[in-house]
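*Asks:* One file is attached below, query_36.txt, containing compact mmCIF, C-alpha atoms (C1' of nucleotides).
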```txt
# COMPACT_ATOMS: atom_id res chain seq x y z
CA MET A 1 -106.63 22.82 -6.05
CA ASP A 2 -105.14 21.01 -3.06
CA VAL A 3 -101.77 22.06 -1.69
CA ALA A 4 -100.21 18.65 -2.36
CA THR A 5 -100.86 19.00 -6.08
CA LEU A 6 -99.43 22.52 -6.01
CA MET A 7 -96.32 21.05 -4.40
CA LEU A 8 -96.07 18.47 -7.14
CA ILE A 9 -96.27 21.16 -9.82
CA ALA A 10 -93.41 23.11 -8.28
CA TYR A 11 -91.37 19.99 -7.59
CA ARG A 12 -91.69 18.84 -11.17
CA ALA A 13 -90.62 22.22 -12.45
CA MET A 14 -87.48 21.94 -10.33
CA ASP A 15 -86.86 18.43 -11.59
CA GLU A 16 -87.12 19.48 -15.20
CA ARG A 17 -84.77 22.38 -14.67
CA VAL A 18 -82.17 20.22 -12.99
CA ILE A 19 -82.38 17.36 -15.48
CA SER A 20 -82.16 19.63 -18.50
CA ALA A 21 -79.26 21.59 -17.00
CA MET A 22 -77.47 18.33 -16.30
CA ARG A 23 -78.04 17.12 -19.82
CA GLU A 24 -76.68 20.39 -21.19
CA ALA A 25 -73.61 19.94 -19.02
CA GLY A 26 -73.08 16.49 -20.51
CA TYR A 27 -74.46 14.42 -17.65
CA ASP A 28 -77.19 12.07 -18.72
CA VAL A 29 -79.01 11.28 -15.49
CA THR A 30 -82.66 10.45 -14.93
CA VAL A 31 -84.84 11.79 -12.15
CA ALA A 32 -84.79 8.58 -10.15
CA GLN A 33 -81.04 8.25 -10.50
CA ALA A 34 -80.59 11.84 -9.35
CA ARG A 35 -82.80 11.17 -6.36
CA ILE A 36 -80.50 8.38 -5.25
CA ALA A 37 -77.28 10.23 -6.06
CA GLN A 38 -78.45 13.24 -4.09
CA ARG A 39 -78.32 11.17 -0.93
CA ILE A 40 -74.80 9.81 -1.22
CA GLY A 41 -72.79 11.04 1.74
CA GLU A 42 -69.26 12.44 1.88
CA SER A 43 -67.57 9.20 2.81
CA GLY A 44 -69.91 6.92 0.90
CA SER A 45 -73.28 5.42 1.72
CA ARG A 46 -74.74 1.97 1.92
CA LEU A 47 -77.32 0.81 -0.54
CA VAL A 48 -79.95 0.14 2.10
CA ASP A 49 -79.54 3.62 3.51
CA LEU A 50 -79.92 5.20 0.09
CA ALA A 51 -82.95 3.04 -0.58
CA GLU A 52 -84.58 3.98 2.70
CA GLN A 53 -83.96 7.69 2.26
CA ALA A 54 -85.20 7.69 -1.31
CA GLN A 55 -88.18 5.55 -0.30
CA VAL A 56 -87.60 2.73 -2.72
CA THR A 57 -86.75 -0.94 -2.20
CA LYS A 58 -83.11 -1.94 -2.11
CA GLN A 59 -83.60 -3.78 -5.39
CA THR A 60 -84.71 -0.59 -7.10
CA ALA A 61 -81.86 1.34 -5.51
CA SER A 62 -79.47 -1.32 -6.73
CA VAL A 63 -80.59 -0.85 -10.33
CA LEU A 64 -80.27 2.93 -10.07
CA VAL A 65 -76.82 2.73 -8.52
CA ALA A 66 -75.75 0.29 -11.23
CA ALA A 67 -76.83 2.81 -13.86
CA LEU A 68 -74.87 5.57 -12.14
CA GLU A 69 -71.88 3.29 -11.87
CA GLN A 70 -72.09 2.45 -15.55
CA LYS A 71 -72.01 6.15 -16.37
CA GLY A 72 -68.86 6.49 -14.27
CA LEU A 73 -70.47 8.76 -11.69
CA VAL A 74 -70.25 6.50 -8.65
CA GLU A 75 -68.21 3.51 -7.57
CA ARG A 76 -68.79 0.72 -5.10
CA VAL A 77 -66.03 -0.13 -2.69
CA PRO A 78 -66.06 -2.74 0.06
CA ASP A 79 -66.97 -1.39 3.47
CA PRO A 80 -63.81 -1.79 5.58
CA VAL A 81 -65.79 -2.42 8.75
CA ASP A 82 -68.53 -4.71 7.41
CA GLY A 83 -67.83 -7.49 4.99
CA ARG A 84 -71.43 -7.71 3.89
CA ALA A 85 -71.68 -4.10 2.87
CA ARG A 86 -70.28 -1.98 0.10
CA LEU A 87 -69.97 1.77 0.18
CA ILE A 88 -71.32 3.73 -2.74
CA ARG A 89 -69.43 6.95 -3.30
CA PHE A 90 -68.93 9.53 -6.00
CA THR A 91 -66.12 9.32 -8.48
CA GLU A 92 -64.35 12.57 -9.28
CA ARG A 93 -66.64 13.06 -12.23
CA GLY A 94 -69.63 12.21 -10.05
CA GLU A 95 -68.53 14.74 -7.47
CA ALA A 96 -68.40 17.40 -10.17
CA ALA A 97 -71.85 16.39 -11.38
CA ALA A 98 -73.28 16.55 -7.87
CA ALA A 99 -71.76 19.98 -7.31
CA HIS A 100 -73.26 21.18 -10.57
CA ALA A 101 -76.68 19.81 -9.64
CA ARG A 102 -76.55 21.52 -6.26
CA GLU A 103 -75.75 24.79 -7.98
CA VAL A 104 -78.69 24.46 -10.32
CA VAL A 105 -81.04 23.66 -7.45
CA MET A 106 -79.79 26.67 -5.54
CA GLY A 107 -80.18 28.81 -8.62
CA VAL A 108 -83.78 27.79 -9.18
CA GLU A 109 -84.55 28.21 -5.50
CA GLN A 110 -83.07 31.68 -5.74
CA GLU A 111 -85.42 32.47 -8.62
CA TRP A 112 -88.32 31.20 -6.57
CA ASN A 113 -87.27 33.33 -3.62
CA GLU A 114 -87.08 36.42 -5.79
CA HIS A 115 -90.52 35.73 -7.17
CA LEU A 116 -92.02 35.15 -3.74
CA GLY A 117 -90.21 37.87 -1.89
CA PRO A 118 -88.31 37.31 1.36
CA ARG A 119 -91.27 37.00 3.68
CA LEU A 120 -93.22 34.44 1.70
CA ALA A 121 -90.08 32.51 0.81
CA ALA A 122 -89.19 32.18 4.46
CA ASP A 123 -92.74 31.18 5.35
CA LEU A 124 -92.76 28.56 2.63
CA ARG A 125 -89.62 26.97 3.97
CA GLU A 126 -90.86 27.16 7.52
CA ALA A 127 -94.18 25.57 6.63
CA LEU A 128 -92.57 22.77 4.62
CA THR A 129 -90.05 22.06 7.36
CA SER A 130 -92.82 21.93 9.91
CA LEU A 131 -94.89 19.65 7.68
CA ARG A 132 -91.97 17.33 7.35
CA GLU A 133 -91.93 16.87 11.10
CA LEU A 134 -95.55 15.86 10.91
CA VAL A 135 -95.39 13.44 8.01
CA ASP A 136 -91.84 12.14 8.36
CA PRO A 137 -91.11 12.34 12.06
CA TYR A 138 -88.38 9.81 12.57
CA ARG A 139 -85.87 11.22 10.14
CA MET B 1 -82.42 20.52 2.33
CA ASP B 2 -83.91 22.29 -0.66
CA VAL B 3 -87.55 23.31 -0.67
CA ALA B 4 -88.35 21.15 -3.70
CA THR B 5 -87.34 18.00 -1.82
CA LEU B 6 -89.39 19.11 1.16
CA MET B 7 -92.34 19.45 -1.19
CA LEU B 8 -91.77 15.95 -2.48
CA ILE B 9 -91.75 14.54 1.04
CA ALA B 10 -95.09 16.14 1.86
CA TYR B 11 -96.57 15.24 -1.50
CA ARG B 12 -95.62 11.61 -1.11
CA ALA B 13 -97.13 11.50 2.34
CA MET B 14 -100.40 12.74 0.87
CA ASP B 15 -100.19 10.19 -1.90
CA GLU B 16 -99.69 7.34 0.51
CA ARG B 17 -102.58 8.44 2.66
CA VAL B 18 -104.92 8.68 -0.30
CA ILE B 19 -103.88 5.41 -1.90
CA SER B 20 -104.12 3.46 1.33
CA ALA B 21 -107.49 4.99 2.18
CA MET B 22 -108.73 4.09 -1.28
CA ARG B 23 -107.50 0.56 -0.93
CA GLU B 24 -109.25 0.25 2.42
CA ALA B 25 -112.43 1.47 0.78
CA GLY B 26 -112.11 -1.23 -1.84
CA TYR B 27 -110.76 0.86 -4.70
CA ASP B 28 -107.52 -0.44 -6.11
CA VAL B 29 -106.03 2.54 -7.86
CA THR B 30 -102.40 3.47 -8.41
CA VAL B 31 -100.88 6.91 -8.02
CA ALA B 32 -100.61 7.54 -11.75
CA GLN B 33 -104.15 6.38 -12.35
CA ALA B 34 -105.40 8.64 -9.59
CA ARG B 35 -103.52 11.56 -11.10
CA ILE B 36 -105.40 11.11 -14.35
CA ALA B 37 -108.76 10.42 -12.72
CA GLN B 38 -108.45 13.54 -10.60
CA ARG B 39 -108.63 15.63 -13.75
CA ILE B 40 -111.76 14.19 -15.29
CA GLY B 41 -114.35 16.96 -15.52
CA GLU B 42 -118.06 16.90 -14.73
CA SER B 43 -119.23 16.24 -18.25
CA GLY B 44 -116.28 14.12 -19.31
CA SER B 45 -112.84 14.99 -20.63
CA ARG B 46 -110.83 14.19 -23.70
CA LEU B 47 -107.78 12.02 -23.49
CA VAL B 48 -105.44 14.69 -24.84
CA ASP B 49 -106.65 17.15 -22.24
CA LEU B 50 -106.12 14.70 -19.41
CA ALA B 51 -102.67 13.89 -20.77
CA GLU B 52 -101.70 17.53 -20.99
CA GLN B 53 -102.93 18.36 -17.52
CA ALA B 54 -101.23 15.36 -15.96
CA GLN B 55 -98.07 16.08 -17.96
CA VAL B 56 -97.80 12.74 -19.67
CA THR B 57 -98.03 11.71 -23.31
CA LYS B 58 -101.40 10.72 -24.69
CA GLN B 59 -100.19 7.15 -25.04
CA THR B 60 -99.45 6.97 -21.34
CA ALA B 61 -102.78 8.57 -20.52
CA SER B 62 -104.45 6.02 -22.77
CA VAL B 63 -102.97 3.13 -20.79
CA LEU B 64 -103.98 4.69 -17.48
CA VAL B 65 -107.53 5.35 -18.67
CA ALA B 66 -107.75 1.79 -19.97
CA ALA B 67 -106.80 0.53 -16.52
CA LEU B 68 -109.44 2.73 -14.88
CA GLU B 69 -111.98 1.55 -17.43
CA GLN B 70 -111.13 -2.05 -16.73
CA LYS B 71 -111.76 -1.46 -13.03
CA GLY B 72 -115.17 -0.04 -13.92
CA LEU B 73 -114.38 3.45 -12.67
CA VAL B 74 -114.58 5.34 -15.94
CA GLU B 75 -116.15 4.83 -19.34
CA ARG B 76 -115.42 6.19 -22.79
CA VAL B 77 -118.28 7.52 -24.82
CA PRO B 78 -118.16 9.08 -28.29
CA ASP B 79 -117.96 12.85 -28.27
CA PRO B 80 -121.26 14.01 -29.81
CA VAL B 81 -119.64 17.07 -31.36
CA ASP B 82 -116.38 15.55 -32.63
CA GLY B 83 -116.24 12.19 -34.36
CA ARG B 84 -112.54 11.81 -33.67
CA ALA B 85 -112.84 12.24 -29.96
CA ARG B 86 -114.20 10.21 -27.10
CA LEU B 87 -115.19 11.58 -23.76
CA ILE B 88 -113.84 9.91 -20.66
CA ARG B 89 -116.20 10.22 -17.73
CA PHE B 90 -116.77 8.60 -14.38
CA THR B 91 -119.15 5.73 -13.93
CA GLU B 92 -121.36 5.84 -10.87
CA ARG B 93 -118.83 3.78 -8.99
CA GLY B 94 -116.04 6.04 -10.25
CA GLU B 95 -117.92 9.10 -9.08
CA ALA B 96 -118.17 7.61 -5.62
CA ALA B 97 -114.46 6.79 -5.66
CA ALA B 98 -113.56 10.32 -6.72
CA ALA B 99 -115.74 11.78 -4.00
CA HIS B 100 -114.08 9.55 -1.43
CA ALA B 101 -110.62 10.56 -2.64
CA ARG B 102 -111.50 14.23 -2.43
CA GLU B 103 -112.66 13.73 1.13
CA VAL B 104 -109.42 12.03 2.10
CA VAL B 105 -107.35 14.80 0.52
CA MET B 106 -109.36 17.41 2.36
CA GLY B 107 -108.98 15.48 5.58
CA VAL B 108 -105.22 15.27 5.30
CA GLU B 109 -105.00 18.91 4.32
CA GLN B 110 -107.06 19.70 7.40
CA GLU B 111 -104.55 17.81 9.55
CA TRP B 112 -101.75 19.74 7.93
CA ASN B 113 -103.52 23.03 8.58
CA GLU B 114 -104.02 22.17 12.23
CA HIS B 115 -100.37 21.29 12.56
CA LEU B 116 -99.22 24.47 10.86
CA GLY B 117 -101.72 26.86 12.37
CA PRO B 118 -103.86 29.24 10.35
CA ARG B 119 -101.20 31.80 9.52
CA LEU B 120 -98.58 29.38 8.22
CA ALA B 121 -101.18 27.28 6.42
CA ALA B 122 -102.44 30.33 4.58
CA ASP B 123 -98.90 31.42 3.76
CA LEU B 124 -98.07 27.97 2.43
CA ARG B 125 -101.00 28.03 0.08
CA GLU B 126 -100.25 31.56 -1.00
CA ALA B 127 -96.61 30.76 -1.69
CA LEU B 128 -97.42 27.61 -3.64
CA THR B 129 -100.08 29.37 -5.68
CA SER B 130 -97.66 32.15 -6.46
CA LEU B 131 -94.96 29.66 -7.40
CA ARG B 132 -97.34 27.98 -9.74
CA GLU B 133 -97.76 31.21 -11.65
CA LEU B 134 -94.00 31.34 -12.05
CA VAL B 135 -93.36 27.78 -13.13
CA ASP B 136 -96.60 26.97 -14.90
CA PRO B 137 -97.77 30.29 -16.24
CA TYR B 138 -100.07 29.37 -19.11
CA ARG B 139 -102.46 27.19 -17.18
C1' DG C 1 -66.96 -21.73 19.79
C1' DT C 2 -71.04 -22.55 17.53
C1' DA C 3 -76.03 -22.33 16.43
C1' DT C 4 -79.59 -18.66 15.48
C1' DG C 5 -81.36 -14.85 13.76
C1' DA C 6 -80.57 -10.32 11.62
C1' DT C 7 -78.58 -7.55 7.95
C1' DA C 8 -76.38 -6.26 3.19
C1' DG C 9 -76.81 -7.10 -1.15
C1' DT C 10 -77.95 -9.78 -5.53
C1' DC C 11 -80.73 -12.41 -8.89
C1' DA C 12 -84.99 -13.56 -11.22
C1' DG C 13 -89.38 -12.38 -12.62
C1' DT C 14 -93.20 -9.24 -13.27
C1' DA C 15 -96.18 -4.94 -13.37
C1' DT C 16 -96.58 -0.13 -14.02
C1' DT C 17 -95.38 4.07 -15.97
C1' DA C 18 -93.52 6.45 -19.68
C1' DC C 19 -91.41 7.38 -24.01
C1' DT C 20 -90.96 7.69 -29.54
C1' DG C 21 -92.64 6.70 -33.96
C1' DA C 22 -96.03 5.28 -37.17
C1' DC C 23 -100.68 4.91 -38.24
C1' DT C 24 -106.10 5.68 -39.02
C1' DA C 25 -109.99 8.51 -38.89
C1' DT C 26 -112.17 12.80 -38.59
C1' DA C 27 -112.18 18.07 -38.67
C1' DT C 28 -110.89 22.38 -40.20
C1' DT C 29 -109.17 25.71 -43.25
C1' DG C 30 -108.01 27.77 -47.54
C1' DC D 1 -111.74 19.57 -52.78
C1' DA D 2 -106.87 19.52 -51.14
C1' DA D 3 -103.84 20.37 -47.39
C1' DT D 4 -103.18 20.35 -42.74
C1' DA D 5 -104.28 19.73 -37.98
C1' DT D 6 -106.20 17.00 -34.31
C1' DA D 7 -107.91 12.69 -31.54
C1' DG D 8 -106.74 8.52 -30.54
C1' DT D 9 -104.55 3.78 -31.20
C1' DC D 10 -100.90 0.30 -31.96
C1' DA D 11 -96.18 -1.41 -31.59
C1' DG D 12 -91.98 -1.43 -29.45
C1' DT D 13 -88.81 -0.14 -25.89
C1' DA D 14 -86.83 1.81 -21.55
C1' DA D 15 -87.02 3.18 -16.80
C1' DT D 16 -88.87 2.53 -12.41
C1' DA D 17 -90.58 -0.33 -8.93
C1' DC D 18 -92.31 -4.33 -6.72
C1' DT D 19 -92.16 -9.38 -4.40
C1' DG D 20 -89.81 -13.47 -3.38
C1' DA D 21 -85.84 -16.27 -3.00
C1' DC D 22 -81.09 -16.55 -2.31
C1' DT D 23 -75.88 -15.97 -0.54
C1' DA D 24 -72.67 -14.04 2.49
C1' DT D 25 -71.53 -11.86 6.58
C1' DC D 26 -72.32 -10.16 11.19
C1' DA D 27 -74.05 -10.18 16.00
C1' DT D 28 -75.78 -12.47 19.80
C1' DA D 29 -77.04 -16.13 22.92
C1' DC D 30 -75.99 -20.23 24.63
```
Go through the file and emit its structure as structure tokens.

*Replies:*
Amino acid sequence: MDVATLMLIAYRAMDERVISAMREAGYDVTVAQARIAQRIGESGSRLVDLAEQAQVTKQTASVLVAALEQKGLVERVPDPVDGRARLIRFTERGEAAAAHAREVVMGVEQEWNEHLGPRLAADLREALTSLRELVDPYR
Amino acid sequence: MDVATLMLIAYRAMDERVISAMREAGYDVTVAQARIAQRIGESGSRLVDLAEQAQVTKQTASVLVAALEQKGLVERVPDPVDGRARLIRFTERGEAAAAHAREVVMGVEQEWNEHLGPRLAADLREALTSLRELVDPYR
DNA sequence: GTATGATAGTCAGTATTACTGACTATATTG
DNA sequence: CAATATAGTCAGTAATACTGACTATCATAC
């Protein structure tokens, strides 16, 4: 089995854990929506930036943001310094959802670390970080 | 950045490499189709097995197999030992495509290993294999 | 200042991926 | 032989994602 497929297996397990925890907590968010939401910055982010970071087109990002907006998790406000742009930022409820999601991710990662032990867990992170530099150098 | 997201970044890089190499070689296959095709065994596989391994419903698997069949990469033959079932197996052209894909995956993995160095590459594989036992125990 | 090109975002249309539910046909088990 | 399980399909829908065309605004060069 190639390492990329092994990564996918673990990634999907994380995804399922997060999505089901969010659903239990009353947040009904899909994987793609979560992937966009995860990248919203403190003071709001532009659509194109979210799209680029999540590696989708801006049209796709637009649909996902619209869904999040409809659920009351994010809002779009005009960018004060650029009339073309709008800033996407969390609502209070969205902020709470994001915090919850982060906690779940950290919890699962903690489980993983306990399973792997400190040495292997550290090596895993180091290897993945190093790989990122190779495959995704500009970011 | 959480390790699961780092895994996704690397996984996607692999995906892109494989898909673009396949396209260059004249095979027009999508990611989801490749994920199903990758799991077809030597002597053919049943739809339900492919679906289970790729973690999709059998209806989804059916659509993906139909697409692969339409491209002439796989064929469905009746299962000689079970009248309900049909075996999905590679055509000659499909076999060649699968072999090419495996080569590309191995090539990219080789690049990754060279970037990481032998120790970290081995640790990465060990950690991911161990994680798989945690998150995907029955398989 | 104003024309030119770049950027932010939307709208329209389509393809792919994925789901649930209902169904047929065949196997297996009691 | 009846009851149940399994393999696969069909129908319908939703989510995700794409390309192409468009408007509005910004930045820059003249």

*Asks:* Between A:Arg46, A:Arg125, A:Arg12, A:Arg84, single out the one closest to DC26 in chain D, counting all atoms listed in the file.

*Replies:*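 For DC26 in chain D, the nearest of the given residues is A:Arg84.
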
*Asks:* Of the candidates A:Val56, A:Val18, A:Ala13, A:Ala4, which shows the shortest atom-to-atom distance to Arg102 in chain A, using only C-alpha atoms?

*Replies:* A:Val18

*Asks:* One number please: CA of Val105 in chain A to CA of Arg17 in chain A, in Å, one decimal.

*Replies:* 8.2 Å

*Asks:* Compile a residue-level contact table for chain D against chain A at a cut-off of 10 Å, reporting for every qualifying residue the shortest atom pair and its distance in Å to one decimal, with all atoms listed in the file counted, rows ordered by chain and ascending number, as a tab-separated table.

*Replies:*
```
residue	atom	partner	partner_atom	distance
D:DA15	C1'	A:Thr30	CA	8.7
D:DT16	C1'	A:Thr60	CA	7.4
D:DA17	C1'	A:Thr60	CA	6.2
D:DC18	C1'	A:Thr57	CA	7.9
D:DA24	C1'	A:Arg84	CA	6.6
D:DT25	C1'	A:Arg84	CA	4.9
D:DC26	C1'	A:Asp82	CA	7.6
```

*Asks:* Write the residues of the selection above to a file with C-alpha atoms (C1' of nucleotides), as an mmCIF file, in the coordinates of the input.

*Replies:*
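And here's again29.cif as it stands now:
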```cif
data_model
loop_
_atom_site.group_PDB
_atom_site.id
_atom_site.type_symbol
_atom_site.label_atom_id
_atom_site.label_comp_id
_atom_site.auth_asym_id
_atom_site.auth_seq_id
_atom_site.Cartn_x
_atom_site.Cartn_y
_atom_site.Cartn_z
ATOM 1 C "C1'" DA D 15 -87.020 3.180 -16.800
ATOM 2 C "C1'" DT D 16 -88.870 2.530 -12.410
ATOM 3 C "C1'" DA D 17 -90.580 -0.330 -8.930
ATOM 4 C "C1'" DC D 18 -92.310 -4.330 -6.720
ATOM 5 C "C1'" DA D 24 -72.670 -14.040 2.490
ATOM 6 C "C1'" DT D 25 -71.530 -11.860 6.580
ATOM 7 C "C1'" DC D 26 -72.320 -10.160 11.190
#
```

*Asks:* For chain B, work out the contacting residues on chain C at 7 Å, counting only C-alpha atoms (C1' of nucleotides), and write them as a list in words.

*Replies:*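 The answer, sorted by residue number, is DA18, DA25 and DT26 of chain C.
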
*Asks:* How many Å lie between C1' of DA12 in chain C and C1' of DA21 in chain D, rounded to one decimal?

*Replies:*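 C1' of DA21 in chain D lies at a distance of 8.7 Å from C1' of DA12 in chain C.
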
*Asks:* Just need the residues of chain A within 6 Å of chain B, counting only C-alpha atoms, so spit them out as number ranges by chain.

*Replies:* A: 4, 6-7, 11, 124, 128

*Asks:* To one decimal place, how far is CA of Glu75 in chain B from CA of Lys58 in chain B in Å?

*Replies:*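 Computing it gives 16.8 Å between the two atoms.
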
*Asks:* Please give the centre and size of the box around range 118-128 of chain A (axis-aligned, containing every atom listed in the file, 5 Å added per side), with values in Å to one decimal and written as lines of an AutoDock Vina configuration file.

*Replies:*
```
center_x = -91.2
center_y = 30.0
center_z = 4.2
size_x = 15.9
size_y = 24.5
size_z = 16.7
```

*Asks:* With only C-alpha atoms (C1' of nucleotides) as the counted atoms, please give the residues lying no more than 9 Å from Ala21 in chain B, apart from itself and same-chain residues fewer than 5 positions off, as a ChimeraX atom specification.

*Replies:* /B:16,26-27,100-101,104

*Asks:* Which of these, C:DT28, C:DT7, C:DT14, C:DT2, has the shortest distance to Val48 in chain A once you count all atoms listed in the file?

*Replies:*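 Checking each of C:DT28, C:DT7, C:DT14, C:DT2 against Val48 in chain A, counting all atoms listed in the file, the winner is C:DT7.
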
*Asks:* Find the residues around DT13 in chain D up to 12 Å (only C-alpha atoms (C1' of nucleotides) counted), leave out those fewer than 4 positions away in its own chain, and share them as a PyMOL selection string.

*Replies:* chain C and resi 18-21

*Asks:* Can you list, as a list in words, every protein, DNA or RNA residue that comes within 10 Å of DG13 in chain C when you count all atoms listed in the file, leaving out same-chain residues fewer than 2 positions away?

*Replies:* DC11 of chain C; DT19 and DG20 of chain D

*Asks:* I want to know what sits within 9 Å of DT10 in chain C, based on all atoms listed in the file, with residues of the same chain fewer than 6 positions away left out; could you give that as a PyMOL selection string?

*Replies:* (chain A and resi 59+62) or (chain D and resi 22-23)

*Asks:* N, CA and C atoms are what I want for range 61-82 of chain B; can you complete it accordingly and write them as a PDB file, in the coordinates of the input?

*Replies:*
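Dumped everything to out.pdb:
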```
ATOM      1  N   ALA B  61    -101.437   8.296 -21.035  1.00  0.00           N
ATOM      2  CA  ALA B  61    -102.780   8.570 -20.520  1.00  0.00           C
ATOM      3  C   ALA B  61    -103.753   7.485 -20.987  1.00  0.00           C
ATOM      4  N   SER B  62    -103.570   7.048 -22.217  1.00  0.00           N
ATOM      5  CA  SER B  62    -104.450   6.020 -22.770  1.00  0.00           C
ATOM      6  C   SER B  62    -104.375   4.727 -21.955  1.00  0.00           C
ATOM      7  N   VAL B  63    -103.162   4.339 -21.594  1.00  0.00           N
ATOM      8  CA  VAL B  63    -102.970   3.130 -20.790  1.00  0.00           C
ATOM      9  C   VAL B  63    -103.629   3.291 -19.410  1.00  0.00           C
ATOM     10  N   LEU B  64    -103.436   4.458 -18.821  1.00  0.00           N
ATOM     11  CA  LEU B  64    -103.980   4.690 -17.480  1.00  0.00           C
ATOM     12  C   LEU B  64    -105.514   4.692 -17.509  1.00  0.00           C
ATOM     13  N   VAL B  65    -106.063   5.323 -18.532  1.00  0.00           N
ATOM     14  CA  VAL B  65    -107.530   5.350 -18.670  1.00  0.00           C
ATOM     15  C   VAL B  65    -108.055   3.928 -18.906  1.00  0.00           C
ATOM     16  N   ALA B  66    -107.322   3.176 -19.707  1.00  0.00           N
ATOM     17  CA  ALA B  66    -107.750   1.790 -19.970  1.00  0.00           C
ATOM     18  C   ALA B  66    -107.799   0.995 -18.669  1.00  0.00           C
ATOM     19  N   ALA B  67    -106.826   1.226 -17.802  1.00  0.00           N
ATOM     20  CA  ALA B  67    -106.800   0.530 -16.520  1.00  0.00           C
ATOM     21  C   ALA B  67    -108.001   0.941 -15.663  1.00  0.00           C
ATOM     22  N   LEU B  68    -108.288   2.232 -15.653  1.00  0.00           N
ATOM     23  CA  LEU B  68    -109.440   2.730 -14.880  1.00  0.00           C
ATOM     24  C   LEU B  68    -110.742   2.183 -15.450  1.00  0.00           C
ATOM     25  N   GLU B  69    -110.780   2.076 -16.771  1.00  0.00           N
ATOM     26  CA  GLU B  69    -111.980   1.550 -17.430  1.00  0.00           C
ATOM     27  C   GLU B  69    -112.170   0.084 -17.051  1.00  0.00           C
ATOM     28  N   GLN B  70    -111.073  -0.633 -17.034  1.00  0.00           N
ATOM     29  CA  GLN B  70    -111.130  -2.050 -16.730  1.00  0.00           C
ATOM     30  C   GLN B  70    -111.607  -2.296 -15.299  1.00  0.00           C
ATOM     31  N   LYS B  71    -111.308  -1.362 -14.419  1.00  0.00           N
ATOM     32  CA  LYS B  71    -111.760  -1.460 -13.030  1.00  0.00           C
ATOM     33  C   LYS B  71    -113.205  -0.985 -12.879  1.00  0.00           C
ATOM     34  N   GLY B  72    -113.788  -0.494 -13.976  1.00  0.00           N
ATOM     35  CA  GLY B  72    -115.170  -0.040 -13.920  1.00  0.00           C
ATOM     36  C   GLY B  72    -115.350   1.333 -13.314  1.00  0.00           C
ATOM     37  N   LEU B  73    -114.288   2.131 -13.293  1.00  0.00           N
ATOM     38  CA  LEU B  73    -114.380   3.450 -12.670  1.00  0.00           C
ATOM     39  C   LEU B  73    -114.678   4.557 -13.664  1.00  0.00           C
ATOM     40  N   VAL B  74    -114.276   4.348 -14.905  1.00  0.00           N
ATOM     41  CA  VAL B  74    -114.580   5.340 -15.940  1.00  0.00           C
ATOM     42  C   VAL B  74    -115.114   4.615 -17.171  1.00  0.00           C
ATOM     43  N   GLU B  75    -115.717   5.394 -18.060  1.00  0.00           N
ATOM     44  CA  GLU B  75    -116.150   4.830 -19.340  1.00  0.00           C
ATOM     45  C   GLU B  75    -115.828   5.832 -20.438  1.00  0.00           C
ATOM     46  N   ARG B  76    -115.698   5.312 -21.646  1.00  0.00           N
ATOM     47  CA  ARG B  76    -115.420   6.190 -22.790  1.00  0.00           C
ATOM     48  C   ARG B  76    -116.646   6.214 -23.686  1.00  0.00           C
ATOM     49  N   VAL B  77    -117.131   7.391 -23.934  1.00  0.00           N
ATOM     50  CA  VAL B  77    -118.280   7.520 -24.820  1.00  0.00           C
ATOM     51  C   VAL B  77    -117.894   8.440 -25.977  1.00  0.00           C
ATOM     52  N   PRO B  78    -118.491   8.226 -27.150  1.00  0.00           N
ATOM     53  CA  PRO B  78    -118.160   9.080 -28.290  1.00  0.00           C
ATOM     54  C   PRO B  78    -118.507  10.529 -27.980  1.00  0.00           C
ATOM     55  N   ASP B  79    -117.668  11.425 -28.421  1.00  0.00           N
ATOM     56  CA  ASP B  79    -117.960  12.850 -28.270  1.00  0.00           C
ATOM     57  C   ASP B  79    -119.013  13.223 -29.303  1.00  0.00           C
ATOM     58  N   PRO B  80    -120.182  13.724 -28.855  1.00  0.00           N
ATOM     59  CA  PRO B  80    -121.260  14.010 -29.810  1.00  0.00           C
ATOM     60  C   PRO B  80    -120.896  15.099 -30.825  1.00  0.00           C
ATOM     61  N   VAL B  81    -119.945  15.949 -30.458  1.00  0.00           N
ATOM     62  CA  VAL B  81    -119.640  17.070 -31.360  1.00  0.00           C
ATOM     63  C   VAL B  81    -118.333  16.895 -32.126  1.00  0.00           C
ATOM     64  N   ASP B  82    -117.657  15.748 -31.922  1.00  0.00           N
ATOM     65  CA  ASP B  82    -116.380  15.550 -32.630  1.00  0.00           C
ATOM     66  C   ASP B  82    -116.153  14.051 -32.828  1.00  0.00           C
TER      67      ASP B  82
END
```
